[in-house]
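Data block for my_file-v1.txt (compact mmCIF, N, CA and C atoms):
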# COMPACT_ATOMS: atom_id res chain seq x y z
N MET A 1 12.07 40.12 39.89
CA MET A 1 11.04 40.64 39.01
C MET A 1 9.69 40.53 39.71
N ARG A 2 8.99 41.64 39.83
CA ARG A 2 7.68 41.63 40.45
C ARG A 2 6.61 41.63 39.37
N LEU A 3 5.51 40.97 39.68
CA LEU A 3 4.44 40.84 38.70
C LEU A 3 3.72 42.17 38.48
N SER A 4 3.55 42.92 39.55
CA SER A 4 2.79 44.15 39.44
C SER A 4 3.47 45.24 40.25
N PRO A 5 3.59 46.43 39.74
CA PRO A 5 4.30 47.47 40.47
C PRO A 5 3.58 47.93 41.73
N SER A 6 2.25 47.81 41.82
CA SER A 6 1.55 48.32 42.99
C SER A 6 1.25 47.24 44.04
N PHE A 7 1.43 45.97 43.72
CA PHE A 7 1.21 44.91 44.70
C PHE A 7 2.55 44.66 45.37
N ASN A 8 2.69 45.08 46.61
CA ASN A 8 4.00 45.17 47.24
C ASN A 8 4.37 43.99 48.14
N ARG A 9 3.74 42.86 47.97
CA ARG A 9 4.10 41.69 48.78
C ARG A 9 3.84 40.41 48.00
N SER A 10 4.31 39.31 48.57
CA SER A 10 4.10 38.01 47.94
C SER A 10 2.65 37.59 48.06
N LEU A 11 2.20 36.81 47.11
CA LEU A 11 0.84 36.30 47.13
C LEU A 11 0.87 34.88 47.68
N TRP A 12 0.22 34.68 48.79
CA TRP A 12 0.20 33.36 49.42
C TRP A 12 -1.15 32.70 49.15
N VAL A 13 -1.08 31.43 48.77
CA VAL A 13 -2.25 30.70 48.30
C VAL A 13 -2.48 29.47 49.17
N PHE A 14 -3.73 29.23 49.55
CA PHE A 14 -4.11 28.02 50.28
C PHE A 14 -5.01 27.18 49.36
N HIS A 15 -4.72 25.91 49.26
CA HIS A 15 -5.48 25.01 48.39
C HIS A 15 -6.43 24.16 49.23
N PHE A 16 -7.70 24.07 48.78
CA PHE A 16 -8.72 23.29 49.49
C PHE A 16 -9.42 22.38 48.48
N ASN A 17 -9.39 21.08 48.73
CA ASN A 17 -10.08 20.11 47.88
C ASN A 17 -11.42 19.80 48.52
N SER A 18 -12.49 20.20 47.88
CA SER A 18 -13.82 20.02 48.46
C SER A 18 -14.54 18.77 47.95
N GLY A 19 -13.80 17.89 47.29
CA GLY A 19 -14.40 16.65 46.82
C GLY A 19 -14.10 16.35 45.37
N SER A 20 -12.98 16.79 44.87
CA SER A 20 -12.67 16.61 43.45
C SER A 20 -12.06 15.24 43.17
N CYS A 21 -11.88 14.95 41.90
CA CYS A 21 -11.29 13.68 41.47
C CYS A 21 -9.76 13.74 41.48
N ASN A 22 -9.19 14.87 41.87
CA ASN A 22 -7.76 15.16 41.94
C ASN A 22 -7.15 15.55 40.60
N GLY A 23 -7.93 15.62 39.53
CA GLY A 23 -7.40 16.08 38.26
C GLY A 23 -6.96 17.54 38.34
N CYS A 24 -7.77 18.38 38.94
CA CYS A 24 -7.42 19.79 39.10
C CYS A 24 -6.25 19.95 40.06
N ASP A 25 -6.21 19.12 41.08
CA ASP A 25 -5.12 19.19 42.06
C ASP A 25 -3.78 18.87 41.40
N ILE A 26 -3.78 17.90 40.51
CA ILE A 26 -2.56 17.54 39.78
C ILE A 26 -2.11 18.71 38.92
N GLU A 27 -3.05 19.41 38.29
CA GLU A 27 -2.70 20.56 37.47
C GLU A 27 -2.18 21.73 38.32
N ILE A 28 -2.71 21.89 39.52
CA ILE A 28 -2.20 22.93 40.43
C ILE A 28 -0.76 22.61 40.80
N VAL A 29 -0.48 21.35 41.11
CA VAL A 29 0.89 20.96 41.43
C VAL A 29 1.80 21.17 40.22
N ALA A 30 1.29 20.86 39.03
CA ALA A 30 2.08 21.09 37.81
C ALA A 30 2.38 22.58 37.62
N ALA A 31 1.44 23.44 38.00
CA ALA A 31 1.66 24.88 37.88
C ALA A 31 2.74 25.38 38.84
N LEU A 32 3.02 24.62 39.89
CA LEU A 32 4.02 25.02 40.88
C LEU A 32 5.42 24.51 40.56
N THR A 33 5.57 23.75 39.50
CA THR A 33 6.86 23.16 39.16
C THR A 33 7.80 24.22 38.56
N PRO A 34 9.09 23.90 38.49
CA PRO A 34 10.04 24.86 37.91
C PRO A 34 9.75 25.25 36.46
N ARG A 35 8.99 24.45 35.73
CA ARG A 35 8.66 24.82 34.35
C ARG A 35 7.91 26.16 34.30
N TYR A 36 6.99 26.36 35.22
CA TYR A 36 6.21 27.60 35.27
C TYR A 36 6.75 28.57 36.31
N ASP A 37 7.35 28.06 37.38
CA ASP A 37 8.05 28.82 38.42
C ASP A 37 7.29 30.04 38.92
N PRO A 38 6.12 29.85 39.52
CA PRO A 38 5.37 31.01 40.02
C PRO A 38 6.04 31.68 41.23
N GLU A 39 6.98 31.00 41.87
CA GLU A 39 7.64 31.62 43.03
C GLU A 39 8.50 32.81 42.63
N ARG A 40 8.88 32.91 41.38
CA ARG A 40 9.66 34.07 40.94
C ARG A 40 8.83 35.35 41.03
N PHE A 41 7.50 35.19 41.03
CA PHE A 41 6.59 36.32 41.20
C PHE A 41 6.14 36.47 42.65
N GLY A 42 6.64 35.62 43.54
CA GLY A 42 6.23 35.68 44.94
C GLY A 42 4.99 34.86 45.25
N ILE A 43 4.55 34.01 44.33
CA ILE A 43 3.36 33.19 44.54
C ILE A 43 3.79 31.87 45.16
N LYS A 44 3.24 31.55 46.33
CA LYS A 44 3.60 30.29 46.96
C LYS A 44 2.43 29.70 47.72
N LEU A 45 2.44 28.38 47.85
CA LEU A 45 1.41 27.66 48.60
C LEU A 45 1.74 27.73 50.08
N VAL A 46 0.73 27.94 50.92
CA VAL A 46 0.93 27.95 52.36
C VAL A 46 0.06 26.87 52.99
N GLY A 47 0.42 26.46 54.19
CA GLY A 47 -0.27 25.36 54.86
C GLY A 47 -1.40 25.78 55.78
N SER A 48 -1.64 27.08 55.91
CA SER A 48 -2.69 27.55 56.81
C SER A 48 -3.50 28.64 56.13
N PRO A 49 -4.82 28.57 56.24
CA PRO A 49 -5.64 29.64 55.64
C PRO A 49 -5.44 30.98 56.35
N ARG A 50 -4.94 30.97 57.57
CA ARG A 50 -4.72 32.21 58.31
C ARG A 50 -3.62 33.07 57.70
N HIS A 51 -2.77 32.47 56.86
CA HIS A 51 -1.69 33.20 56.22
C HIS A 51 -1.97 33.49 54.75
N ALA A 52 -3.09 33.03 54.23
CA ALA A 52 -3.35 33.06 52.79
C ALA A 52 -4.07 34.33 52.34
N ASP A 53 -3.74 34.74 51.11
CA ASP A 53 -4.45 35.82 50.43
C ASP A 53 -5.50 35.27 49.48
N VAL A 54 -5.21 34.08 48.92
CA VAL A 54 -6.07 33.47 47.92
C VAL A 54 -6.43 32.06 48.35
N LEU A 55 -7.69 31.70 48.18
CA LEU A 55 -8.16 30.34 48.44
C LEU A 55 -8.46 29.68 47.10
N LEU A 56 -7.72 28.61 46.77
CA LEU A 56 -7.97 27.82 45.57
C LEU A 56 -8.86 26.66 45.97
N VAL A 57 -10.03 26.55 45.39
CA VAL A 57 -10.95 25.46 45.72
C VAL A 57 -11.15 24.60 44.49
N THR A 58 -11.01 23.28 44.66
CA THR A 58 -11.22 22.34 43.56
C THR A 58 -12.35 21.39 43.92
N GLY A 59 -13.13 21.04 42.93
CA GLY A 59 -14.17 20.03 43.09
C GLY A 59 -15.50 20.58 43.55
N PRO A 60 -16.57 19.79 43.35
CA PRO A 60 -17.88 20.17 43.87
C PRO A 60 -17.87 20.00 45.38
N VAL A 61 -18.73 20.68 46.06
CA VAL A 61 -18.74 20.63 47.53
C VAL A 61 -19.62 19.48 47.99
N VAL A 62 -19.00 18.47 48.58
CA VAL A 62 -19.75 17.34 49.14
C VAL A 62 -20.23 17.72 50.54
N HIS A 63 -21.25 17.00 51.04
CA HIS A 63 -21.86 17.33 52.33
C HIS A 63 -20.83 17.45 53.45
N ASP A 64 -19.89 16.51 53.51
CA ASP A 64 -18.92 16.51 54.61
C ASP A 64 -17.97 17.70 54.55
N MET A 65 -17.79 18.31 53.40
CA MET A 65 -16.81 19.38 53.26
C MET A 65 -17.41 20.79 53.30
N ALA A 66 -18.72 20.91 53.24
CA ALA A 66 -19.36 22.23 53.19
C ALA A 66 -19.03 23.06 54.43
N ASP A 67 -19.20 22.49 55.60
CA ASP A 67 -18.92 23.24 56.83
C ASP A 67 -17.43 23.54 56.95
N ARG A 68 -16.59 22.60 56.57
CA ARG A 68 -15.14 22.82 56.62
C ARG A 68 -14.73 23.96 55.68
N LEU A 69 -15.32 24.00 54.50
CA LEU A 69 -15.01 25.06 53.55
C LEU A 69 -15.42 26.42 54.11
N ARG A 70 -16.58 26.50 54.74
CA ARG A 70 -17.02 27.76 55.35
C ARG A 70 -16.05 28.20 56.46
N ARG A 71 -15.58 27.23 57.26
CA ARG A 71 -14.64 27.56 58.34
C ARG A 71 -13.30 28.03 57.80
N VAL A 72 -12.79 27.38 56.75
CA VAL A 72 -11.53 27.80 56.14
C VAL A 72 -11.68 29.21 55.58
N TYR A 73 -12.78 29.48 54.92
CA TYR A 73 -13.04 30.81 54.37
C TYR A 73 -13.08 31.86 55.49
N ALA A 74 -13.71 31.55 56.60
CA ALA A 74 -13.82 32.48 57.71
C ALA A 74 -12.46 32.74 58.37
N GLN A 75 -11.55 31.78 58.31
CA GLN A 75 -10.24 31.93 58.93
C GLN A 75 -9.30 32.83 58.14
N MET A 76 -9.59 33.05 56.88
CA MET A 76 -8.70 33.86 56.04
C MET A 76 -8.84 35.34 56.38
N PRO A 77 -7.70 36.06 56.44
CA PRO A 77 -7.78 37.50 56.71
C PRO A 77 -8.27 38.27 55.48
N ASN A 78 -8.85 39.42 55.71
CA ASN A 78 -9.28 40.30 54.62
C ASN A 78 -8.13 41.18 54.21
N PRO A 79 -8.01 41.57 52.96
CA PRO A 79 -8.82 41.17 51.82
C PRO A 79 -8.44 39.78 51.34
N LYS A 80 -9.40 39.06 50.83
CA LYS A 80 -9.17 37.70 50.35
C LYS A 80 -9.87 37.50 49.02
N VAL A 81 -9.32 36.54 48.26
CA VAL A 81 -9.88 36.21 46.95
C VAL A 81 -10.09 34.71 46.91
N VAL A 82 -11.23 34.28 46.39
CA VAL A 82 -11.53 32.86 46.24
C VAL A 82 -11.52 32.53 44.75
N MET A 83 -10.73 31.50 44.40
CA MET A 83 -10.68 31.00 43.02
C MET A 83 -11.26 29.61 42.98
N CYS A 84 -12.17 29.38 42.07
CA CYS A 84 -12.75 28.06 41.86
C CYS A 84 -12.08 27.46 40.63
N ILE A 85 -11.39 26.33 40.83
CA ILE A 85 -10.62 25.71 39.77
C ILE A 85 -11.38 24.50 39.23
N GLY A 86 -11.68 24.49 37.94
CA GLY A 86 -12.29 23.34 37.29
C GLY A 86 -13.80 23.42 37.16
N SER A 87 -14.31 22.63 36.23
CA SER A 87 -15.75 22.61 35.94
C SER A 87 -16.58 22.06 37.08
N CYS A 88 -16.05 21.10 37.82
CA CYS A 88 -16.82 20.49 38.91
C CYS A 88 -17.14 21.50 40.01
N GLY A 89 -16.21 22.37 40.30
CA GLY A 89 -16.45 23.39 41.32
C GLY A 89 -17.42 24.46 40.87
N GLN A 90 -17.53 24.64 39.56
CA GLN A 90 -18.41 25.68 39.02
C GLN A 90 -19.85 25.21 38.88
N SER A 91 -20.03 23.94 38.49
CA SER A 91 -21.39 23.48 38.20
C SER A 91 -21.69 22.09 38.75
N GLY A 92 -20.71 21.44 39.33
CA GLY A 92 -20.87 20.06 39.75
C GLY A 92 -20.29 19.10 38.73
N GLY A 93 -20.05 19.61 37.51
CA GLY A 93 -19.46 18.78 36.47
C GLY A 93 -20.25 17.51 36.22
N VAL A 94 -19.56 16.40 36.07
CA VAL A 94 -20.22 15.13 35.81
C VAL A 94 -20.97 14.62 37.04
N PHE A 95 -20.73 15.23 38.19
CA PHE A 95 -21.37 14.80 39.44
C PHE A 95 -22.56 15.70 39.80
N TYR A 96 -23.05 16.54 38.87
CA TYR A 96 -24.02 17.57 39.18
C TYR A 96 -25.28 17.07 39.87
N ASP A 97 -25.71 15.84 39.60
CA ASP A 97 -26.95 15.34 40.20
C ASP A 97 -26.68 14.27 41.26
N SER A 98 -25.49 14.25 41.80
CA SER A 98 -25.13 13.25 42.80
C SER A 98 -25.84 13.53 44.13
N TYR A 99 -26.17 12.48 44.83
CA TYR A 99 -26.92 12.58 46.08
C TYR A 99 -26.12 13.25 47.19
N ASN A 100 -24.81 13.23 47.14
CA ASN A 100 -24.02 13.72 48.26
C ASN A 100 -23.40 15.11 48.04
N LEU A 101 -23.91 15.87 47.07
CA LEU A 101 -23.37 17.20 46.82
C LEU A 101 -24.22 18.28 47.47
N ASP A 102 -23.55 19.30 48.01
CA ASP A 102 -24.22 20.51 48.45
C ASP A 102 -24.28 21.53 47.33
N GLY A 103 -23.62 21.22 46.22
CA GLY A 103 -23.66 22.09 45.06
C GLY A 103 -22.30 22.61 44.69
N PRO A 104 -22.27 23.55 43.75
CA PRO A 104 -21.00 24.15 43.36
C PRO A 104 -20.45 25.05 44.47
N VAL A 105 -19.20 25.41 44.35
CA VAL A 105 -18.53 26.21 45.37
C VAL A 105 -19.24 27.54 45.60
N GLY A 106 -19.72 28.17 44.52
CA GLY A 106 -20.39 29.45 44.63
C GLY A 106 -21.67 29.42 45.46
N ASP A 107 -22.25 28.25 45.69
CA ASP A 107 -23.42 28.14 46.55
C ASP A 107 -23.05 28.08 48.02
N VAL A 108 -21.79 27.83 48.33
CA VAL A 108 -21.34 27.67 49.72
C VAL A 108 -20.58 28.90 50.22
N ILE A 109 -19.67 29.41 49.41
CA ILE A 109 -18.93 30.63 49.75
C ILE A 109 -18.88 31.51 48.50
N PRO A 110 -18.66 32.82 48.66
CA PRO A 110 -18.57 33.68 47.47
C PRO A 110 -17.29 33.41 46.69
N VAL A 111 -17.41 33.31 45.37
CA VAL A 111 -16.27 33.05 44.50
C VAL A 111 -16.01 34.30 43.66
N ASP A 112 -14.72 34.68 43.58
CA ASP A 112 -14.33 35.86 42.83
C ASP A 112 -13.86 35.54 41.42
N ILE A 113 -13.13 34.42 41.26
CA ILE A 113 -12.54 34.09 39.97
C ILE A 113 -12.80 32.62 39.66
N TYR A 114 -13.28 32.35 38.46
CA TYR A 114 -13.50 30.99 38.00
C TYR A 114 -12.47 30.64 36.93
N VAL A 115 -11.87 29.45 37.04
CA VAL A 115 -10.95 28.94 36.03
C VAL A 115 -11.60 27.69 35.45
N PRO A 116 -12.20 27.77 34.26
CA PRO A 116 -12.92 26.63 33.71
C PRO A 116 -11.98 25.57 33.14
N GLY A 117 -12.53 24.37 33.01
CA GLY A 117 -11.79 23.28 32.39
C GLY A 117 -11.88 22.01 33.20
N CYS A 118 -11.62 20.90 32.54
CA CYS A 118 -11.63 19.60 33.21
C CYS A 118 -10.45 18.78 32.66
N ALA A 119 -9.41 18.87 33.29
CA ALA A 119 -8.92 19.82 34.28
C ALA A 119 -8.24 20.99 33.56
N PRO A 120 -8.30 22.19 34.15
CA PRO A 120 -7.68 23.34 33.49
C PRO A 120 -6.17 23.21 33.44
N ARG A 121 -5.58 23.71 32.37
CA ARG A 121 -4.13 23.66 32.20
C ARG A 121 -3.44 24.58 33.21
N PRO A 122 -2.19 24.29 33.53
CA PRO A 122 -1.45 25.17 34.45
C PRO A 122 -1.41 26.63 34.00
N GLU A 123 -1.35 26.85 32.70
CA GLU A 123 -1.34 28.22 32.19
C GLU A 123 -2.62 28.96 32.55
N ALA A 124 -3.75 28.26 32.49
CA ALA A 124 -5.04 28.87 32.85
C ALA A 124 -5.10 29.16 34.35
N ILE A 125 -4.55 28.27 35.15
CA ILE A 125 -4.53 28.49 36.61
C ILE A 125 -3.67 29.70 36.94
N ILE A 126 -2.51 29.80 36.31
CA ILE A 126 -1.63 30.95 36.55
C ILE A 126 -2.29 32.23 36.08
N ASP A 127 -3.01 32.19 34.97
CA ASP A 127 -3.75 33.36 34.50
C ASP A 127 -4.81 33.78 35.53
N GLY A 128 -5.47 32.80 36.14
CA GLY A 128 -6.43 33.11 37.19
C GLY A 128 -5.77 33.74 38.40
N VAL A 129 -4.57 33.29 38.75
CA VAL A 129 -3.85 33.87 39.88
C VAL A 129 -3.44 35.31 39.58
N VAL A 130 -3.06 35.59 38.34
CA VAL A 130 -2.74 36.96 37.95
C VAL A 130 -3.98 37.85 38.09
N LYS A 131 -5.13 37.34 37.72
CA LYS A 131 -6.38 38.09 37.90
C LYS A 131 -6.67 38.30 39.38
N ALA A 132 -6.30 37.32 40.22
CA ALA A 132 -6.47 37.46 41.67
C ALA A 132 -5.58 38.59 42.21
N ILE A 133 -4.37 38.70 41.67
CA ILE A 133 -3.48 39.78 42.10
C ILE A 133 -4.09 41.14 41.77
N VAL A 134 -4.63 41.27 40.57
CA VAL A 134 -5.26 42.53 40.17
C VAL A 134 -6.45 42.83 41.08
N LEU A 135 -7.23 41.83 41.41
CA LEU A 135 -8.38 42.02 42.29
C LEU A 135 -7.94 42.40 43.69
N LEU A 136 -6.91 41.77 44.22
CA LEU A 136 -6.39 42.11 45.54
C LEU A 136 -5.85 43.53 45.57
N GLU A 137 -5.21 43.95 44.49
CA GLU A 137 -4.74 45.34 44.41
C GLU A 137 -5.90 46.32 44.56
N SER A 138 -6.99 46.06 43.87
CA SER A 138 -8.13 46.97 43.93
C SER A 138 -8.79 46.92 45.31
N LEU A 139 -8.81 45.75 45.94
CA LEU A 139 -9.40 45.63 47.27
C LEU A 139 -8.55 46.35 48.30
N GLU A 140 -7.22 46.29 48.17
CA GLU A 140 -6.34 46.98 49.11
C GLU A 140 -6.41 48.49 48.94
N GLU A 141 -6.63 48.96 47.72
CA GLU A 141 -6.76 50.40 47.49
C GLU A 141 -8.00 50.96 48.16
N LYS A 142 -9.05 50.15 48.24
CA LYS A 142 -10.30 50.59 48.87
C LYS A 142 -10.18 50.69 50.39
N GLN A 143 -9.24 49.94 50.96
CA GLN A 143 -9.11 49.94 52.42
C GLN A 143 -8.29 51.09 52.92

With the file now loaded, output its structure as structure tokens.
Amino acid sequence: MRLSPSFNRSLWVFHFNSGSCNGCDIEIVAALTPRYDPERFGIKLVGSPRHADVLLVTGPVVHDMADRLRRVYAQMPNPKVVMCIGSCGQSGGVFYDSYNLDGPVGDVIPVDIYVPGCAPRPEAIIDGVVKAIVLLESLEEKQ
């Protein structure tokens, strides 16, 4: 069963933790379990950004991770989609005024899809990935 008739390949996702408390990371792992089974739609986690279509970013961007995040983003092939998972990545969350933050993810790299929550439920993350598929379809049509 394919998720979309016009998206003709599997969606590969790379996960990047830019300084989160791991709450969002735990929910991402929960979304990958057999209960939700995203692999039936061809969605899978990959170990290299060079193979990824989607970048999942969790947490606010701390100083040490800002340059690394930019490099990971640059390594991804086009077309690419960036998803920011959780409130901390969107606004800094409870760490918004911390001395060691470079700010939310959107201040460091362009973000296409935001999944709000602290921490967002697996259903919300999967909904964001479905929106990423729709966005990738439109980006591929333009090329």

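For Pro77 of chain A, the residues within 6.5 Å (counting all atoms listed in the file, excluding itself and residues fewer than 2 positions away along the chain) are A:Pro49, A:Arg50, A:His51, A:Ala52, A:Ala74, A:Gln75, A:Pro79, A:Lys80.
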
Shortest interatomic distance to Glu123 of chain A - which of A:Val81, A:Val54, A:Ile43, A:Ala31, counting only C-alpha atoms: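 Answer, going by the shortest atom-to-atom distance: A:Ala31.
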
Segment 97-105 of chain A surroundings by only C-alpha atoms, 12 Å radius, close-in-sequence under 5 positions cut, as a PyMOL selection string: chain A and resi 16-20+55-67+69-70+73+82-92+110-114

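Counting from atom C of Arg35 of chain A, the distance to atom C of Val134 of chain A is 23.0 Å.
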
For atom N of Ile109 of chain A and atom CA of Glu140 of chain A, quote the distance in Å rounded to one decimal.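 Spanning atom N of Ile109 of chain A to atom CA of Glu140 of chain A is a straight-line distance of 22.1 Å.
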
Env of Arg9 of chain A: 8 Å cut, atoms = all atoms listed in the file, seq-sep filter 3 positions within chain, self excluded. Answer as an NGL selection string. :A and (6 or 12 or 41-43)

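Relative to atom N of Asp127 of chain A, atom CA of Val46 of chain A is found at 18.3 Å.
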
Counting all atoms listed in the file, what is within 7 Å of Arg121 of chain A, bar same-chain residues fewer than 4 positions away, as a count of residues only? 7

Quick one: pick out all strand (DSSP E or B) residues within chain A from a backbone DSSP run and write them as a ChimeraX atom specification. /A:11-17,43-45,54-58,61-62,81-85,101-103,113-115

Output the selection as a PDB file, in the frame of the given file - N, CA and C atoms for each residue.
ATOM      1  N   LEU A  11       2.200  36.810  47.110  1.00  0.00           N
ATOM      2  CA  LEU A  11       0.840  36.300  47.130  1.00  0.00           C
ATOM      3  C   LEU A  11       0.870  34.880  47.680  1.00  0.00           C
ATOM      4  N   TRP A  12       0.220  34.680  48.790  1.00  0.00           N
ATOM      5  CA  TRP A  12       0.200  33.360  49.420  1.00  0.00           C
ATOM      6  C   TRP A  12      -1.150  32.700  49.150  1.00  0.00           C
ATOM      7  N   VAL A  13      -1.080  31.430  48.770  1.00  0.00           N
ATOM      8  CA  VAL A  13      -2.250  30.700  48.300  1.00  0.00           C
ATOM      9  C   VAL A  13      -2.480  29.470  49.170  1.00  0.00           C
ATOM     10  N   PHE A  14      -3.730  29.230  49.550  1.00  0.00           N
ATOM     11  CA  PHE A  14      -4.110  28.020  50.280  1.00  0.00           C
ATOM     12  C   PHE A  14      -5.010  27.180  49.360  1.00  0.00           C
ATOM     13  N   HIS A  15      -4.720  25.910  49.260  1.00  0.00           N
ATOM     14  CA  HIS A  15      -5.480  25.010  48.390  1.00  0.00           C
ATOM     15  C   HIS A  15      -6.430  24.160  49.230  1.00  0.00           C
ATOM     16  N   PHE A  16      -7.700  24.070  48.780  1.00  0.00           N
ATOM     17  CA  PHE A  16      -8.720  23.290  49.490  1.00  0.00           C
ATOM     18  C   PHE A  16      -9.420  22.380  48.480  1.00  0.00           C
ATOM     19  N   ASN A  17      -9.390  21.080  48.730  1.00  0.00           N
ATOM     20  CA  ASN A  17     -10.080  20.110  47.880  1.00  0.00           C
ATOM     21  C   ASN A  17     -11.420  19.800  48.520  1.00  0.00           C
ATOM     22  N   ILE A  43       4.550  34.010  44.330  1.00  0.00           N
ATOM     23  CA  ILE A  43       3.360  33.190  44.540  1.00  0.00           C
ATOM     24  C   ILE A  43       3.790  31.870  45.160  1.00  0.00           C
ATOM     25  N   LYS A  44       3.240  31.550  46.330  1.00  0.00           N
ATOM     26  CA  LYS A  44       3.600  30.290  46.960  1.00  0.00           C
ATOM     27  C   LYS A  44       2.430  29.700  47.720  1.00  0.00           C
ATOM     28  N   LEU A  45       2.440  28.380  47.850  1.00  0.00           N
ATOM     29  CA  LEU A  45       1.410  27.660  48.600  1.00  0.00           C
ATOM     30  C   LEU A  45       1.740  27.730  50.080  1.00  0.00           C
ATOM     31  N   VAL A  54      -5.210  34.080  48.920  1.00  0.00           N
ATOM     32  CA  VAL A  54      -6.070  33.470  47.920  1.00  0.00           C
ATOM     33  C   VAL A  54      -6.430  32.060  48.350  1.00  0.00           C
ATOM     34  N   LEU A  55      -7.690  31.700  48.180  1.00  0.00           N
ATOM     35  CA  LEU A  55      -8.160  30.340  48.440  1.00  0.00           C
ATOM     36  C   LEU A  55      -8.460  29.680  47.100  1.00  0.00           C
ATOM     37  N   LEU A  56      -7.720  28.610  46.770  1.00  0.00           N
ATOM     38  CA  LEU A  56      -7.970  27.820  45.570  1.00  0.00           C
ATOM     39  C   LEU A  56      -8.860  26.660  45.970  1.00  0.00           C
ATOM     40  N   VAL A  57     -10.030  26.550  45.390  1.00  0.00           N
ATOM     41  CA  VAL A  57     -10.950  25.460  45.720  1.00  0.00           C
ATOM     42  C   VAL A  57     -11.150  24.600  44.490  1.00  0.00           C
ATOM     43  N   THR A  58     -11.010  23.280  44.660  1.00  0.00           N
ATOM     44  CA  THR A  58     -11.220  22.340  43.560  1.00  0.00           C
ATOM     45  C   THR A  58     -12.350  21.390  43.920  1.00  0.00           C
ATOM     46  N   VAL A  61     -18.730  20.680  46.060  1.00  0.00           N
ATOM     47  CA  VAL A  61     -18.740  20.630  47.530  1.00  0.00           C
ATOM     48  C   VAL A  61     -19.620  19.480  47.990  1.00  0.00           C
ATOM     49  N   VAL A  62     -19.000  18.470  48.580  1.00  0.00           N
ATOM     50  CA  VAL A  62     -19.750  17.340  49.140  1.00  0.00           C
ATOM     51  C   VAL A  62     -20.230  17.720  50.540  1.00  0.00           C
ATOM     52  N   VAL A  81      -9.320  36.540  48.260  1.00  0.00           N
ATOM     53  CA  VAL A  81      -9.880  36.210  46.950  1.00  0.00           C
ATOM     54  C   VAL A  81     -10.090  34.710  46.910  1.00  0.00           C
ATOM     55  N   VAL A  82     -11.230  34.280  46.390  1.00  0.00           N
ATOM     56  CA  VAL A  82     -11.530  32.860  46.240  1.00  0.00           C
ATOM     57  C   VAL A  82     -11.520  32.530  44.750  1.00  0.00           C
ATOM     58  N   MET A  83     -10.730  31.500  44.400  1.00  0.00           N
ATOM     59  CA  MET A  83     -10.680  31.000  43.020  1.00  0.00           C
ATOM     60  C   MET A  83     -11.260  29.610  42.980  1.00  0.00           C
ATOM     61  N   CYS A  84     -12.170  29.380  42.070  1.00  0.00           N
ATOM     62  CA  CYS A  84     -12.750  28.060  41.860  1.00  0.00           C
ATOM     63  C   CYS A  84     -12.080  27.460  40.630  1.00  0.00           C
ATOM     64  N   ILE A  85     -11.390  26.330  40.830  1.00  0.00           N
ATOM     65  CA  ILE A  85     -10.620  25.710  39.770  1.00  0.00           C
ATOM     66  C   ILE A  85     -11.380  24.500  39.230  1.00  0.00           C
ATOM     67  N   LEU A 101     -23.910  15.870  47.070  1.00  0.00           N
ATOM     68  CA  LEU A 101     -23.370  17.200  46.820  1.00  0.00           C
ATOM     69  C   LEU A 101     -24.220  18.280  47.470  1.00  0.00           C
ATOM     70  N   ASP A 102     -23.550  19.300  48.010  1.00  0.00           N
ATOM     71  CA  ASP A 102     -24.220  20.510  48.450  1.00  0.00           C
ATOM     72  C   ASP A 102     -24.280  21.530  47.330  1.00  0.00           C
ATOM     73  N   GLY A 103     -23.620  21.220  46.220  1.00  0.00           N
ATOM     74  CA  GLY A 103     -23.660  22.090  45.060  1.00  0.00           C
ATOM     75  C   GLY A 103     -22.300  22.610  44.690  1.00  0.00           C
ATOM     76  N   ILE A 113     -13.130  34.420  41.260  1.00  0.00           N
ATOM     77  CA  ILE A 113     -12.540  34.090  39.970  1.00  0.00           C
ATOM     78  C   ILE A 113     -12.800  32.620  39.660  1.00  0.00           C
ATOM     79  N   TYR A 114     -13.280  32.350  38.460  1.00  0.00           N
ATOM     80  CA  TYR A 114     -13.500  30.990  38.000  1.00  0.00           C
ATOM     81  C   TYR A 114     -12.470  30.640  36.930  1.00  0.00           C
ATOM     82  N   VAL A 115     -11.870  29.450  37.040  1.00  0.00           N
ATOM     83  CA  VAL A 115     -10.950  28.940  36.030  1.00  0.00           C
ATOM     84  C   VAL A 115     -11.600  27.690  35.450  1.00  0.00           C
TER      85      VAL A 115
END

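Here the question is which of A:Val72, A:Ala124, A:Leu45, A:Ala119 gets nearest to Leu11 of chain A using all atoms listed in the file, and that residue is A:Leu45.
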
Segment 6-132 of chain A: residues DSSP assigns to alpha helix (DSSP H), reported as a VMD selection string: chain A and resid 23 to 31 63 to 75 87 to 91 122 to 132

From the set A:Asp37, A:Pro120, A:Asp107, A:Asp53, which residue has the shortest atom-to-atom contact distance to Val13 of chain A, counting only N, CA and C atoms?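 Of the candidates, the smallest distance to Val13 of chain A is held by A:Asp53.
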
Return as AutoDock Vina command-line options the centre and edge lengths, in Å with one decimal, of the box along x, y and z that encloses every atom of segment 35-51 of chain A in the file, padded by 8 Å per side.
--center_x 2.0 --center_y 30.5 --center_z 46.3 --size_x 31.3 --size_y 28.0 --size_z 40.0
